[in-house]
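Data file: model-v1.txt. Format and content: compact mmCIF, C-alpha atoms.
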```txt
# COMPACT_ATOMS: atom_id res chain seq x y z
CA MET W 14 0.00 0.00 0.00
CA LYS W 15 1.27 3.41 -0.89
CA ASN W 16 1.57 5.83 1.95
CA SER W 17 1.98 9.30 0.54
CA ILE W 18 1.86 12.53 2.49
CA ILE W 19 1.75 14.79 -0.57
CA ARG W 20 0.26 13.85 -3.92
CA ILE W 21 -0.11 16.50 -6.59
CA ASN W 22 -1.97 16.15 -9.89
CA LYS W 23 -1.80 18.71 -12.68
CA MET W 24 -1.45 21.57 -10.28
CA LYS W 25 -1.22 25.13 -11.58
CA PHE W 26 -0.69 28.23 -9.57
CA ARG W 27 -0.13 31.89 -10.34
CA TYR W 28 0.30 35.10 -8.37
CA PHE W 29 -1.82 37.61 -10.29
CA LYS W 30 -0.39 37.36 -13.80
CA LYS W 31 2.82 35.65 -12.87
CA SER W 32 2.82 31.92 -13.36
CA ILE W 33 4.65 29.99 -10.65
CA PHE W 34 3.59 26.39 -11.31
CA GLU W 35 2.32 24.81 -14.51
CA ASP W 36 1.10 21.25 -14.59
CA VAL W 37 3.00 19.92 -11.58
CA ASN W 38 2.75 16.23 -10.75
CA LEU W 39 4.51 14.96 -7.67
CA GLU W 40 4.26 12.38 -4.95
CA ILE W 41 6.13 12.43 -1.65
CA MET W 42 5.92 9.55 0.83
CA LYS W 43 5.38 9.95 4.56
CA ASN W 44 8.80 8.50 5.35
CA GLU W 45 10.75 10.39 2.71
CA ILE W 46 13.27 13.13 3.39
CA VAL W 47 13.34 15.35 0.35
CA LEU W 48 15.47 18.37 -0.49
CA LEU W 49 13.73 20.99 -2.62
CA THR W 50 16.03 23.28 -4.58
CA GLY W 51 15.62 26.01 -7.17
CA GLU W 52 16.73 29.55 -7.88
CA SER W 53 15.57 32.49 -5.78
CA GLY W 54 12.06 33.34 -6.86
CA SER W 55 11.40 29.97 -8.50
CA GLY W 56 8.62 29.13 -6.03
CA LYS W 57 10.13 27.10 -3.17
CA THR W 58 8.42 29.08 -0.44
CA THR W 59 5.24 29.27 -2.52
CA PHE W 60 5.28 25.47 -2.66
CA CYS W 61 5.33 25.32 1.16
CA ARG W 62 2.48 27.81 1.29
CA LEU W 63 0.44 25.65 -1.08
CA ILE W 64 1.07 22.51 0.96
CA SER W 65 0.34 24.20 4.27
CA GLY W 66 -2.94 25.62 2.98
CA LEU W 67 -1.89 29.27 2.99
CA GLU W 68 -2.49 29.54 -0.76
CA LYS W 69 -5.78 28.09 -1.91
CA ASN W 70 -6.31 29.39 -5.43
CA TYR W 71 -4.54 26.65 -7.33
CA SER W 72 -6.07 24.48 -9.99
CA GLY W 73 -5.58 20.73 -10.17
CA GLU W 74 -5.29 18.65 -7.03
CA ILE W 75 -3.10 18.61 -3.96
CA PHE W 76 -3.72 15.68 -1.67
CA ILE W 77 -2.36 15.69 1.86
CA SER W 78 -2.53 12.12 3.13
CA LYS W 79 -5.84 11.00 1.69
CA LYS W 80 -7.75 14.22 1.43
CA GLU W 81 -7.74 17.18 -0.95
CA ASN W 82 -5.95 20.10 0.65
CA ASN W 83 -8.74 22.65 0.27
CA SER W 84 -11.15 20.37 2.13
CA TYR W 85 -8.98 20.36 5.26
CA THR W 86 -9.56 22.57 8.25
CA ALA W 87 -6.37 24.16 9.58
CA LYS W 88 -6.59 21.95 12.63
CA GLU W 89 -6.89 18.73 10.64
CA ARG W 90 -4.01 19.68 8.38
CA PHE W 91 -1.89 20.46 11.39
CA MET W 92 -2.28 16.89 12.55
CA GLU W 93 -0.43 15.85 9.38
CA ILE W 94 2.08 18.60 8.69
CA SER W 95 4.20 21.08 10.65
CA TYR W 96 5.65 24.06 8.80
CA LEU W 97 8.76 26.06 9.77
CA LYS W 98 8.74 29.34 7.90
CA GLN W 99 11.82 31.10 6.59
CA GLU W 100 11.01 34.38 8.36
CA VAL W 101 11.83 33.73 11.99
CA SER W 102 9.02 35.87 13.38
CA GLY W 103 6.49 33.98 11.28
CA ASN W 104 6.86 30.93 13.50
CA ILE W 105 6.05 32.62 16.78
CA LEU W 106 2.57 33.35 18.09
CA GLY W 107 3.16 33.86 21.81
CA SER W 108 4.78 36.83 23.49
CA THR W 109 7.37 34.63 25.24
CA PRO W 110 8.94 31.32 24.15
CA GLU W 111 7.10 29.52 26.95
CA GLU W 112 3.76 30.98 25.96
CA ASP W 113 4.43 30.26 22.32
CA LEU W 114 5.02 26.58 22.99
CA GLN W 115 1.93 26.48 25.19
CA ILE W 116 -0.18 27.88 22.39
CA SER W 117 1.29 25.35 20.03
CA GLN W 118 0.40 22.53 22.41
CA ASN W 119 -3.05 23.73 23.31
CA ARG W 120 -4.53 25.20 20.20
CA PHE W 121 -5.01 21.86 18.55
CA ASN W 122 -5.64 19.73 21.60
CA GLU W 123 -8.71 20.24 23.71
CA GLU W 124 -7.54 18.15 26.61
CA LYS W 125 -4.56 19.47 28.47
CA ASP W 126 -2.08 16.82 29.24
CA THR W 127 0.02 16.86 32.40
CA SER W 128 3.04 15.80 30.39
CA PHE W 129 2.84 19.01 28.35
CA LYS W 130 5.03 20.95 30.70
CA ASP W 131 7.78 18.33 30.60
CA LYS W 132 7.66 18.27 26.83
CA ARG W 133 8.00 22.02 26.67
CA GLU W 134 10.97 21.90 29.04
CA ASP W 135 12.59 19.25 26.84
CA ALA W 136 12.10 21.25 23.69
CA LEU W 137 13.50 24.42 25.23
CA LYS W 138 16.44 22.53 26.67
CA ILE W 139 17.32 20.80 23.42
CA TYR W 140 17.71 24.11 21.62
CA LYS W 141 19.33 25.77 24.66
CA ILE W 142 16.74 28.46 25.18
CA GLU W 143 15.39 27.42 28.59
CA SER W 144 16.92 30.52 30.17
CA LEU W 145 15.00 32.68 27.68
CA LYS W 146 11.63 31.07 28.17
CA ASN W 147 10.03 34.08 29.85
CA GLN W 148 11.80 36.73 27.81
CA PRO W 149 9.55 38.82 25.53
CA VAL W 150 10.08 37.52 22.01
CA TRP W 151 10.71 40.99 20.61
CA GLU W 152 13.86 41.11 22.74
CA LEU W 153 15.23 37.91 21.18
CA SER W 154 17.85 37.93 18.45
CA GLY W 155 17.17 36.42 15.03
CA GLY W 156 18.91 33.15 15.86
CA GLN W 157 17.09 32.84 19.18
CA LYS W 158 13.72 33.33 17.49
CA LYS W 159 14.65 30.65 15.00
CA ARG W 160 15.31 28.27 17.89
CA VAL W 161 11.87 28.97 19.34
CA GLY W 162 10.44 27.92 15.96
CA LEU W 163 12.54 24.74 16.06
CA ALA W 164 11.45 23.97 19.62
CA ASP W 165 7.87 24.35 18.48
CA LEU W 166 8.57 21.91 15.69
CA TYR W 167 10.08 19.47 18.16
CA LEU W 168 6.75 19.35 20.00
CA ASN W 169 5.31 18.15 16.70
CA PHE W 170 7.88 15.42 16.27
CA ASN W 171 5.53 12.88 14.72
CA LYS W 172 4.25 15.01 11.88
CA PHE W 173 5.66 15.49 8.43
CA TRP W 174 7.91 18.55 8.52
CA LEU W 175 8.00 21.33 5.93
CA LEU W 176 11.24 23.21 6.55
CA ASP W 177 12.03 26.47 4.78
CA GLU W 178 15.73 27.21 5.32
CA PRO W 179 15.82 25.52 8.74
CA THR W 180 19.53 26.12 9.37
CA ALA W 181 19.76 29.76 8.28
CA GLY W 182 21.04 32.00 11.05
CA LEU W 183 22.05 29.13 13.36
CA ASP W 184 25.53 28.45 14.64
CA ASN W 185 27.14 25.08 13.98
CA GLY W 186 26.40 23.73 17.46
CA ILE W 187 22.68 24.19 17.02
CA ILE W 188 22.79 22.93 13.45
CA ASN W 189 24.35 19.70 14.75
CA ILE W 190 21.59 19.32 17.32
CA PHE W 191 18.98 19.85 14.64
CA MET W 192 20.66 17.30 12.36
CA GLU W 193 20.66 14.73 15.18
CA ILE W 194 16.91 15.21 15.52
CA LEU W 195 16.44 14.72 11.80
CA LYS W 196 18.45 11.50 12.03
CA GLN W 197 16.31 10.23 14.91
CA ARG W 198 13.26 10.97 12.84
CA LYS W 199 14.68 9.17 9.85
CA LYS W 200 15.10 6.02 11.96
CA GLN W 201 11.44 6.29 12.89
CA ASN W 202 10.43 6.71 9.25
CA LEU W 203 9.36 10.30 9.71
CA GLY W 204 9.82 12.39 6.61
CA ALA W 205 10.43 16.01 5.78
CA LEU W 206 10.60 18.39 2.88
CA ILE W 207 13.62 20.65 3.27
CA ILE W 208 14.40 23.85 1.43
CA SER W 209 18.01 24.83 1.79
CA HIS W 210 20.76 26.41 -0.20
CA ARG W 211 23.26 24.55 1.96
CA GLN W 212 22.79 21.22 0.28
CA GLU W 213 26.02 19.75 1.63
CA ILE W 214 24.63 19.60 5.18
CA PHE W 215 21.72 17.46 4.10
CA ALA W 216 23.46 15.37 1.42
CA ASP W 217 23.79 12.27 3.62
CA ILE W 218 20.33 12.28 5.11
CA ILE W 219 18.04 12.87 2.15
CA HIS W 220 16.38 10.20 0.05
CA ARG W 221 15.65 12.38 -2.89
CA LYS W 222 16.36 15.79 -4.38
CA LEU W 223 13.86 17.89 -6.28
CA GLU W 224 14.35 21.05 -8.27
CA ILE W 225 11.87 23.72 -9.30
CA LYS W 226 12.67 24.82 -12.81
CA GLN W 227 10.57 26.34 -15.56
CA ASN W 228 7.42 26.20 -13.42
CA LYS W 229 7.72 22.46 -12.84
CA ILE W 230 9.16 20.25 -10.15
CA TRP W 231 11.76 17.75 -11.33
CA ASP W 232 13.56 14.86 -9.73
CA VAL W 233 17.32 15.46 -9.70
CA GLN W 234 19.68 12.52 -9.86
CA MET K 14 43.77 54.25 7.52
CA LYS K 15 41.60 53.76 10.54
CA VAL K 16 37.94 54.14 9.57
CA LEU K 17 36.30 52.94 12.75
CA GLU K 18 37.24 52.54 16.36
CA LEU K 19 35.30 51.33 19.36
CA LYS K 20 36.83 52.06 22.75
CA HIS K 21 35.55 50.60 26.00
CA VAL K 22 32.06 50.26 24.65
CA ARG K 23 29.52 49.17 27.23
CA PHE K 24 25.93 48.57 26.32
CA ARG K 25 22.68 47.19 27.56
CA TYR K 26 19.16 47.49 26.22
CA LYS K 27 16.71 49.68 28.05
CA ASN K 28 15.04 48.08 31.07
CA ARG K 29 17.29 45.06 30.98
CA GLY K 30 19.78 44.03 33.61
CA ASN K 31 22.45 42.29 31.56
CA TYR K 32 25.07 44.13 29.63
CA ILE K 33 25.53 42.87 26.08
CA PHE K 34 28.99 44.45 25.99
CA LYS K 35 31.02 45.35 29.04
CA ASP K 36 34.24 46.56 27.54
CA LEU K 37 34.33 46.12 23.80
CA ASN K 38 37.32 47.41 21.87
CA LEU K 39 37.96 47.11 18.19
CA SER K 40 39.27 49.00 15.25
CA ALA K 41 38.83 48.66 11.52
CA ASP K 42 41.01 49.91 8.69
CA SER K 43 40.07 50.66 5.16
CA GLY K 44 40.24 47.44 3.16
CA ASP K 45 39.36 45.23 6.12
CA ILE K 46 36.89 42.38 5.80
CA ILE K 47 35.87 41.54 9.34
CA LEU K 48 33.91 38.46 10.26
CA VAL K 49 31.69 38.91 13.31
CA LYS K 50 31.13 35.59 15.05
CA GLY K 51 29.35 34.47 18.19
CA ALA K 52 26.43 32.36 19.37
CA SER K 53 22.97 33.81 18.91
CA GLY K 54 22.11 36.46 21.45
CA LYS K 55 25.77 37.42 21.99
CA GLY K 56 25.33 40.80 20.33
CA LYS K 57 26.31 40.44 16.68
CA THR K 58 23.36 42.45 15.43
CA SER K 59 23.66 44.85 18.37
CA LEU K 60 27.27 45.57 17.39
CA LEU K 61 26.24 46.49 13.84
CA ASN K 62 23.44 48.66 15.20
CA ILE K 63 25.90 50.53 17.40
CA ILE K 64 28.30 51.14 14.50
CA CYS K 65 25.57 52.55 12.26
CA GLY K 66 24.06 54.59 15.08
CA ILE K 67 20.65 52.90 15.24
CA ILE K 68 21.66 52.21 18.83
CA PRO K 69 21.02 54.46 20.76
CA ARG K 70 19.23 56.84 18.37
CA ILE K 71 16.32 54.55 17.44
CA ILE K 72 16.76 51.62 19.81
CA ASP K 73 17.18 52.87 23.31
CA GLY K 74 19.70 51.67 25.85
CA ASP K 75 22.66 52.60 28.05
CA LEU K 76 25.62 53.11 25.78
CA SER K 77 28.96 54.38 26.98
CA GLY K 78 32.49 54.39 25.66
CA GLU K 79 33.64 55.85 22.38
CA VAL K 80 32.66 55.17 18.79
CA LEU K 81 34.94 56.94 16.33
CA LEU K 82 33.99 57.12 12.67
CA GLN K 83 36.82 58.37 10.44
CA GLN K 84 38.40 59.49 13.70
CA ARG K 85 35.40 61.65 14.57
CA ASP K 86 33.10 61.14 17.52
CA GLN K 87 30.08 59.31 16.13
CA SER K 88 27.89 60.16 19.11
CA ILE K 89 27.56 63.79 18.05
CA MET K 90 26.70 62.93 14.44
CA ASN K 91 23.10 62.52 13.33
CA LEU K 92 21.85 59.53 11.32
CA PRO K 93 21.92 61.29 7.91
CA GLU K 94 25.55 62.18 8.50
CA ILE K 95 26.49 58.69 9.66
CA SER K 96 24.72 57.22 6.65
CA THR K 97 27.19 58.90 4.32
CA TYR K 98 29.88 56.60 5.79
CA VAL K 99 27.99 53.49 6.83
CA SER K 100 25.28 51.30 5.28
CA ILE K 101 23.66 48.30 6.86
CA MET K 102 22.00 45.23 5.42
CA MET K 103 19.67 43.95 8.09
CA GLN K 104 18.94 40.32 8.85
CA LEU K 105 15.46 40.41 7.38
CA PRO K 106 14.94 42.22 4.09
CA ASP K 107 11.42 43.32 4.99
CA TYR K 108 12.84 45.46 7.77
CA GLN K 109 14.35 47.84 5.29
CA LEU K 110 12.64 47.56 1.92
CA PHE K 111 10.86 50.84 1.52
CA PHE K 112 9.65 51.45 -2.02
CA PRO K 113 6.96 49.68 -4.05
CA ILE K 114 9.19 49.18 -7.12
CA VAL K 115 12.70 47.71 -7.20
CA GLU K 116 14.14 50.51 -9.34
CA GLU K 117 12.99 53.15 -6.84
CA GLU K 118 14.51 51.20 -4.00
CA LEU K 119 17.85 51.04 -5.82
CA ALA K 120 17.87 54.71 -6.73
CA PHE K 121 16.74 56.13 -3.40
CA GLY K 122 19.98 55.99 -1.44
CA ALA K 123 22.03 57.34 -4.32
CA GLU K 124 19.55 60.17 -4.93
CA ASN K 125 19.90 61.17 -1.32
CA MET K 126 23.66 61.32 -1.73
CA LYS K 127 23.07 63.72 -4.66
CA ILE K 128 24.62 61.41 -7.21
CA PRO K 129 23.66 62.69 -10.71
CA PRO K 130 20.76 60.78 -12.34
CA GLN K 131 22.83 59.51 -15.30
CA LYS K 132 25.38 58.10 -12.90
CA ILE K 133 22.65 56.41 -10.85
CA GLU K 134 21.20 54.89 -14.01
CA GLN K 135 24.64 53.55 -14.92
CA LYS K 136 25.15 52.05 -11.49
CA ILE K 137 21.71 50.42 -11.43
CA GLN K 138 22.30 48.86 -14.82
CA GLU K 139 25.74 47.68 -13.89
CA ILE K 140 24.79 45.98 -10.62
CA LEU K 141 21.60 44.34 -11.97
CA GLN K 142 23.58 42.97 -14.85
CA TYR K 143 26.36 41.78 -12.58
CA PHE K 144 23.93 39.75 -10.45
CA SER K 145 21.87 38.75 -13.54
CA ILE K 146 18.68 40.15 -12.05
CA GLU K 147 17.77 42.73 -14.71
CA ASN K 148 14.36 41.08 -14.88
CA LEU K 149 13.56 42.33 -11.37
CA ARG K 150 14.07 46.02 -12.13
CA TYR K 151 10.41 46.96 -12.55
CA CYS K 152 8.96 44.31 -10.20
CA GLU K 153 7.06 45.16 -7.06
CA THR K 154 9.44 44.66 -4.15
CA ASN K 155 6.56 43.09 -2.26
CA SER K 156 6.17 40.31 -4.80
CA LEU K 157 9.80 39.16 -4.58
CA SER K 158 11.00 36.06 -2.78
CA PHE K 159 13.17 36.24 0.33
CA GLY K 160 16.36 35.64 -1.66
CA GLN K 161 15.44 38.16 -4.34
CA LYS K 162 14.71 40.82 -1.72
CA LYS K 163 18.13 40.24 -0.24
CA MET K 164 19.76 40.63 -3.65
CA ILE K 165 17.98 43.97 -4.09
CA ILE K 166 19.19 45.26 -0.75
CA LEU K 167 22.75 44.16 -1.46
CA SER K 168 22.54 45.84 -4.87
CA ALA K 169 21.32 49.05 -3.24
CA LEU K 170 24.28 48.95 -0.86
CA PHE K 171 26.77 48.40 -3.65
CA ILE K 172 25.23 51.30 -5.59
CA LEU K 173 25.58 53.55 -2.55
CA SER K 174 29.05 52.26 -1.89
CA PRO K 175 29.74 53.74 1.55
CA GLN K 176 33.09 53.45 3.33
CA ILE K 177 31.73 50.84 5.74
CA PHE K 178 29.37 48.01 4.81
CA LEU K 179 27.58 46.22 7.63
CA LEU K 180 26.14 42.92 6.42
CA ASP K 181 23.99 40.91 8.83
CA GLU K 182 23.83 37.32 7.59
CA PRO K 183 23.99 38.40 3.96
CA PHE K 184 24.24 34.92 2.47
CA ASN K 185 21.28 33.30 4.17
CA GLY K 186 18.83 31.91 1.69
CA LEU K 187 20.91 32.78 -1.36
CA GLN K 188 21.97 30.40 -4.07
CA GLU K 189 25.60 29.43 -4.55
CA ASN K 190 26.30 31.28 -7.79
CA GLN K 191 24.95 34.52 -6.32
CA ILE K 192 27.03 34.05 -3.16
CA ASP K 193 30.15 33.63 -5.30
CA LYS K 194 29.38 36.86 -7.14
CA ILE K 195 28.78 38.75 -3.90
CA ILE K 196 32.03 37.50 -2.43
CA SER K 197 34.07 38.48 -5.43
CA ARG K 198 32.50 41.94 -5.37
CA ILE K 199 33.24 42.28 -1.65
CA LYS K 200 36.89 41.37 -2.26
CA ASN K 201 36.98 43.83 -5.11
CA TYR K 202 35.60 46.69 -3.05
CA ALA K 203 37.86 45.84 -0.13
CA SER K 204 40.89 46.03 -2.41
CA GLU K 205 39.74 49.54 -3.29
CA GLY K 206 39.65 50.42 0.39
CA LYS K 207 36.09 49.72 1.50
CA THR K 208 35.53 48.08 4.87
CA PHE K 209 33.16 45.20 5.53
CA PHE K 210 31.67 43.77 8.70
CA ILE K 211 30.02 40.44 7.97
CA VAL K 212 27.92 38.51 10.47
CA GLU K 213 27.92 34.92 9.32
CA HIS K 214 27.75 31.45 10.86
CA PHE K 215 28.73 29.57 7.77
CA ASP K 216 32.41 28.54 7.99
CA ARG K 217 32.85 28.76 4.26
CA PHE K 218 33.09 32.52 4.52
CA CYS K 219 35.80 32.62 7.16
CA GLY K 220 38.34 32.50 4.34
CA ILE K 221 37.41 35.84 2.86
CA ALA K 222 37.95 37.77 6.07
CA ASN K 223 41.27 39.19 7.20
CA LYS K 224 40.04 39.83 10.74
CA GLU K 225 37.65 38.13 13.07
CA ILE K 226 35.71 39.28 16.11
CA ASN K 227 34.37 36.51 18.28
CA LEU K 228 31.75 37.89 20.65
CA ASP K 229 31.62 34.61 22.61
CA SER K 230 34.95 35.52 24.13
CA TYR K 231 33.67 38.80 25.56
CA GLU K 232 32.46 38.44 29.09
CA LYS K 233 28.85 39.36 29.74
```

Turn the structure described in the file into structure tokens.
Amino acid sequence: MKNSIIRINKMKFRYFKKSIFEDVNLEIMKNEIVLLTGESGSGKTTFCRLISGLEKNYSGEIFISKKENNSYTAKERFMEISYLKQEVSGNILGSTPEEDLQISQNRFNEEKDTSFKDKREDALKIYKIESLKNQPVWELSGGQKKRVGLADLYLNFNKFWLLDEPTAGLDNGIINIFMEILKQRKKQNLGALIISHRQEIFADIIHRKLEIKQNKIWDVQ
Amino acid sequence: MKVLELKHVRFRYKNRGNYIFKDLNLSADSGDIILVKGASGKGKTSLLNIICGIIPRIIDGDLSGEVLLQQRDQSIMNLPEISTYVSIMMQLPDYQLFFPIVEEELAFGAENMKIPPQKIEQKIQEILQYFSIENLRYCETNSLSFGQKKMIILSALFILSPQIFLLDEPFNGLQENQIDKIISRIKNYASEGKTFFIVEHFDRFCGIANKEINLDSYEK
């Protein structure tokens, strides 16, 4: 049985008059780790926005798991996919890291779990931001904000990850921590779609490389 | 020639207990390419903001010590005056993109420096061609991707061509061939005497710098 997370049929998408995607067909499996490349402006971030339901005016079909993307509610889609945006502030909803992680835990789960607090502590500790947990987010540096986004992602360990430049602005120590987490996930057959211009970091972990070129998405050997 | 000096700089943000810098000293000569390193939150961006005067003029805090620009006291200069010597590329392009159309964005700084229109036109053409982004000239800045926005800001800086360039994570999100072009232009400008401060985590760029400041080694 095929177990795809993303299945796209004849998808077209344009911003006003500018065509971004023409007739895209693509399938990505739940356990696949895929690197998505392409020139600046080719549509990498737009692709993430389409998958995460932020852009709805496409034609053709985008299936997430077994359902068409436009028929998902945000909450249902979130159970399948977690999205780390390129702009660090775009990943933060709360006014402190602690509050942000709380929102992330609670907004999609009615019942509050007593283990939530421990999980938050873990996530903050892993990315070394536990000492910042009550600091207003507007006082954090770019790299610190990025780590809040990554901690948030860690709370959603079991979902398929959409990662737009996940390592940008991080020092090597944190990048290594992040790579360890990706490796753990790989062992557990948890996939991800990664956008990065630093392909060499991900060369050993990915199953497949894709490239956006001339409004289509191609497999790269 | 010394273009910048920081002496015993001490700084903390308003209403915060910890000092980011307790006693920071550095100097930069013309032609220097200086890599600013340090873990996140150690003050890399703060340092650039101090050099270009955003701290304390826009972002408030307790700043003491001396900042000398071209051997003159920077603290008594206003931002327009500082901007004739120093330009900054911020971490996020949306922080500083200002005009609806790319061409206007590129021309704005140069117009303010009273560069003649024909000269500005020449410079715009030259830089867009150099980065192979002529197609973006009449685009809405808003419609550009993250990487394209960064290329526009870098282009605007190169058009302005101040004595000191402050680049906060300039290579993030850019493709390899563009990075190579930026680096060769930086080297070029440095050989003509321009000074660069580059905040960057990526080891690959350590090679282009002739000096390094590691903010991890400064005590909090």

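Ranking K:Ile46, K:Ile146, K:Ile196, K:Ile221 by their shortest atom-to-atom distance to chain W, with only C-alpha atoms included, puts K:Ile146 first.
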
Write out as a list in words the residues lying within 8 Å of Pro175 in chain K, counting only C-alpha atoms and excluding same-chain residues fewer than 6 positions away.
-> Ser96, Thr97, Tyr98, Val99, Ser100 and Lys207 of chain K

Using C-alpha atoms, can you export the residues from the last selection as a PDB file, in the coordinates of the input?
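Final output, saved to out.pdb:
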```pdb
ATOM      1  CA  SER K  96      24.720  57.220   6.650  1.00  0.00           C
ATOM      2  CA  THR K  97      27.190  58.900   4.320  1.00  0.00           C
ATOM      3  CA  TYR K  98      29.880  56.600   5.790  1.00  0.00           C
ATOM      4  CA  VAL K  99      27.990  53.490   6.830  1.00  0.00           C
ATOM      5  CA  SER K 100      25.280  51.300   5.280  1.00  0.00           C
ATOM      6  CA  LYS K 207      36.090  49.720   1.500  1.00  0.00           C
TER       7      LYS K 207
END
```

10 Å contacts from chain W to chain K using only C-alpha atoms, as a ChimeraX atom specification = /W:28,31,50-59,99-102,152-160,177-187,208-212

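Atom to atom, CA of Ser43 in chain K and CA of Ile172 in chain K stand 18.3 Å apart.
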
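Distance check against Thr109 in chain W using only C-alpha atoms: of W:Lys79, W:Lys30, W:Arg133, W:Lys146, the minimum falls on W:Lys146.
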
For range 100-111 of chain K, I'd like the enclosing box, axis-aligned and padded by 3 Å on every side, reported as JSON with centre and edge lengths in Å to one decimal.
```
{"center_x": 18.1, "center_y": 45.8, "center_z": 5.2, "size_x": 20.4, "size_y": 17.0, "size_z": 13.3}
```

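Restricting the calculation to all atoms listed in the file, the smallest distance between Ile64 in chain W and any of W:Ile19, W:Ile225, W:Leu203, W:Leu49 is found for W:Ile19.
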
Show which residues sit within 12 Å of range 216-224 of chain W, as a compact mmCIF listing (two decimals) with C-alpha atoms, keeping the file's coordinate frame. Count all atoms listed in the file, and ignore same-chain residues fewer than 3 positions away.
```
# COMPACT_ATOMS: atom_id res chain seq x y z
CA VAL W 37 3.00 19.92 -11.58
CA LEU W 39 4.51 14.96 -7.67
CA GLU W 40 4.26 12.38 -4.95
CA ILE W 41 6.13 12.43 -1.65
CA MET W 42 5.92 9.55 0.83
CA LYS W 43 5.38 9.95 4.56
CA ASN W 44 8.80 8.50 5.35
CA GLU W 45 10.75 10.39 2.71
CA ILE W 46 13.27 13.13 3.39
CA VAL W 47 13.34 15.35 0.35
CA LEU W 48 15.47 18.37 -0.49
CA LEU W 49 13.73 20.99 -2.62
CA THR W 50 16.03 23.28 -4.58
CA GLY W 51 15.62 26.01 -7.17
CA GLU W 52 16.73 29.55 -7.88
CA SER W 53 15.57 32.49 -5.78
CA SER W 55 11.40 29.97 -8.50
CA GLY W 56 8.62 29.13 -6.03
CA LYS W 57 10.13 27.10 -3.17
CA PHE W 60 5.28 25.47 -2.66
CA MET W 192 20.66 17.30 12.36
CA GLU W 193 20.66 14.73 15.18
CA ILE W 194 16.91 15.21 15.52
CA LEU W 195 16.44 14.72 11.80
CA LYS W 196 18.45 11.50 12.03
CA GLN W 197 16.31 10.23 14.91
CA ARG W 198 13.26 10.97 12.84
CA LYS W 199 14.68 9.17 9.85
CA LYS W 200 15.10 6.02 11.96
CA ASN W 202 10.43 6.71 9.25
CA LEU W 203 9.36 10.30 9.71
CA GLY W 204 9.82 12.39 6.61
CA ALA W 205 10.43 16.01 5.78
CA LEU W 206 10.60 18.39 2.88
CA ILE W 207 13.62 20.65 3.27
CA ILE W 208 14.40 23.85 1.43
CA SER W 209 18.01 24.83 1.79
CA HIS W 210 20.76 26.41 -0.20
CA ARG W 211 23.26 24.55 1.96
CA GLN W 212 22.79 21.22 0.28
CA GLU W 213 26.02 19.75 1.63
CA GLN W 227 10.57 26.34 -15.56
CA ASN W 228 7.42 26.20 -13.42
CA LYS W 229 7.72 22.46 -12.84
CA ILE W 230 9.16 20.25 -10.15
CA TRP W 231 11.76 17.75 -11.33
CA ASP W 232 13.56 14.86 -9.73
CA VAL W 233 17.32 15.46 -9.70
CA GLN W 234 19.68 12.52 -9.86
```

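The protein and nucleic acid residues lying at most 8 Å from Val80 in chain K are Leu17, Glu18, Leu19, Lys20, Val22, Ile64, Gly78, Leu82, Asp86, Gln87 and Ser88 of chain K, with all atoms listed in the file considered and sequence neighbours fewer than 2 positions away removed.
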
Could you give me range 84-91 of chain K completed to N, CA, C and O atoms, formatted as a JSON list (two decimals), keeping the file's coordinate frame?
```
[["chain", "number", "residue", "atom", "x", "y", "z"],
["K", 84, "GLN", "N", 37.75, 58.76, 12.61],
["K", 84, "GLN", "CA", 38.40, 59.49, 13.70],
["K", 84, "GLN", "C", 37.57, 60.64, 14.28],
["K", 84, "GLN", "O", 38.09, 61.49, 15.00],
["K", 85, "ARG", "N", 36.28, 60.64, 13.96],
["K", 85, "ARG", "CA", 35.40, 61.65, 14.57],
["K", 85, "ARG", "C", 34.40, 60.98, 15.50],
["K", 85, "ARG", "O", 33.98, 59.85, 15.26],
["K", 86, "ASP", "N", 34.00, 61.69, 16.52],
["K", 86, "ASP", "CA", 33.10, 61.14, 17.52],
["K", 86, "ASP", "C", 31.71, 60.90, 16.89],
["K", 86, "ASP", "O", 31.03, 61.86, 16.51],
["K", 87, "GLN", "N", 31.34, 59.64, 16.79],
["K", 87, "GLN", "CA", 30.08, 59.31, 16.13],
["K", 87, "GLN", "C", 28.87, 59.76, 16.95],
["K", 87, "GLN", "O", 27.81, 60.02, 16.39],
["K", 88, "SER", "N", 29.05, 59.88, 18.26],
["K", 88, "SER", "CA", 27.89, 60.16, 19.11],
["K", 88, "SER", "C", 27.31, 61.56, 18.89],
["K", 88, "SER", "O", 26.17, 61.83, 19.22],
["K", 89, "ILE", "N", 28.11, 62.46, 18.31],
["K", 89, "ILE", "CA", 27.56, 63.79, 18.05],
["K", 89, "ILE", "C", 27.11, 63.95, 16.59],
["K", 89, "ILE", "O", 26.66, 65.02, 16.18],
["K", 90, "MET", "N", 27.20, 62.86, 15.82],
["K", 90, "MET", "CA", 26.70, 62.93, 14.44],
["K", 90, "MET", "C", 25.23, 62.51, 14.42],
["K", 90, "MET", "O", 24.81, 61.71, 15.25],
["K", 91, "ASN", "N", 24.46, 63.03, 13.46],
["K", 91, "ASN", "CA", 23.10, 62.52, 13.33],
["K", 91, "ASN", "C", 23.06, 61.38, 12.29],
["K", 91, "ASN", "O", 24.03, 61.15, 11.57]]
```
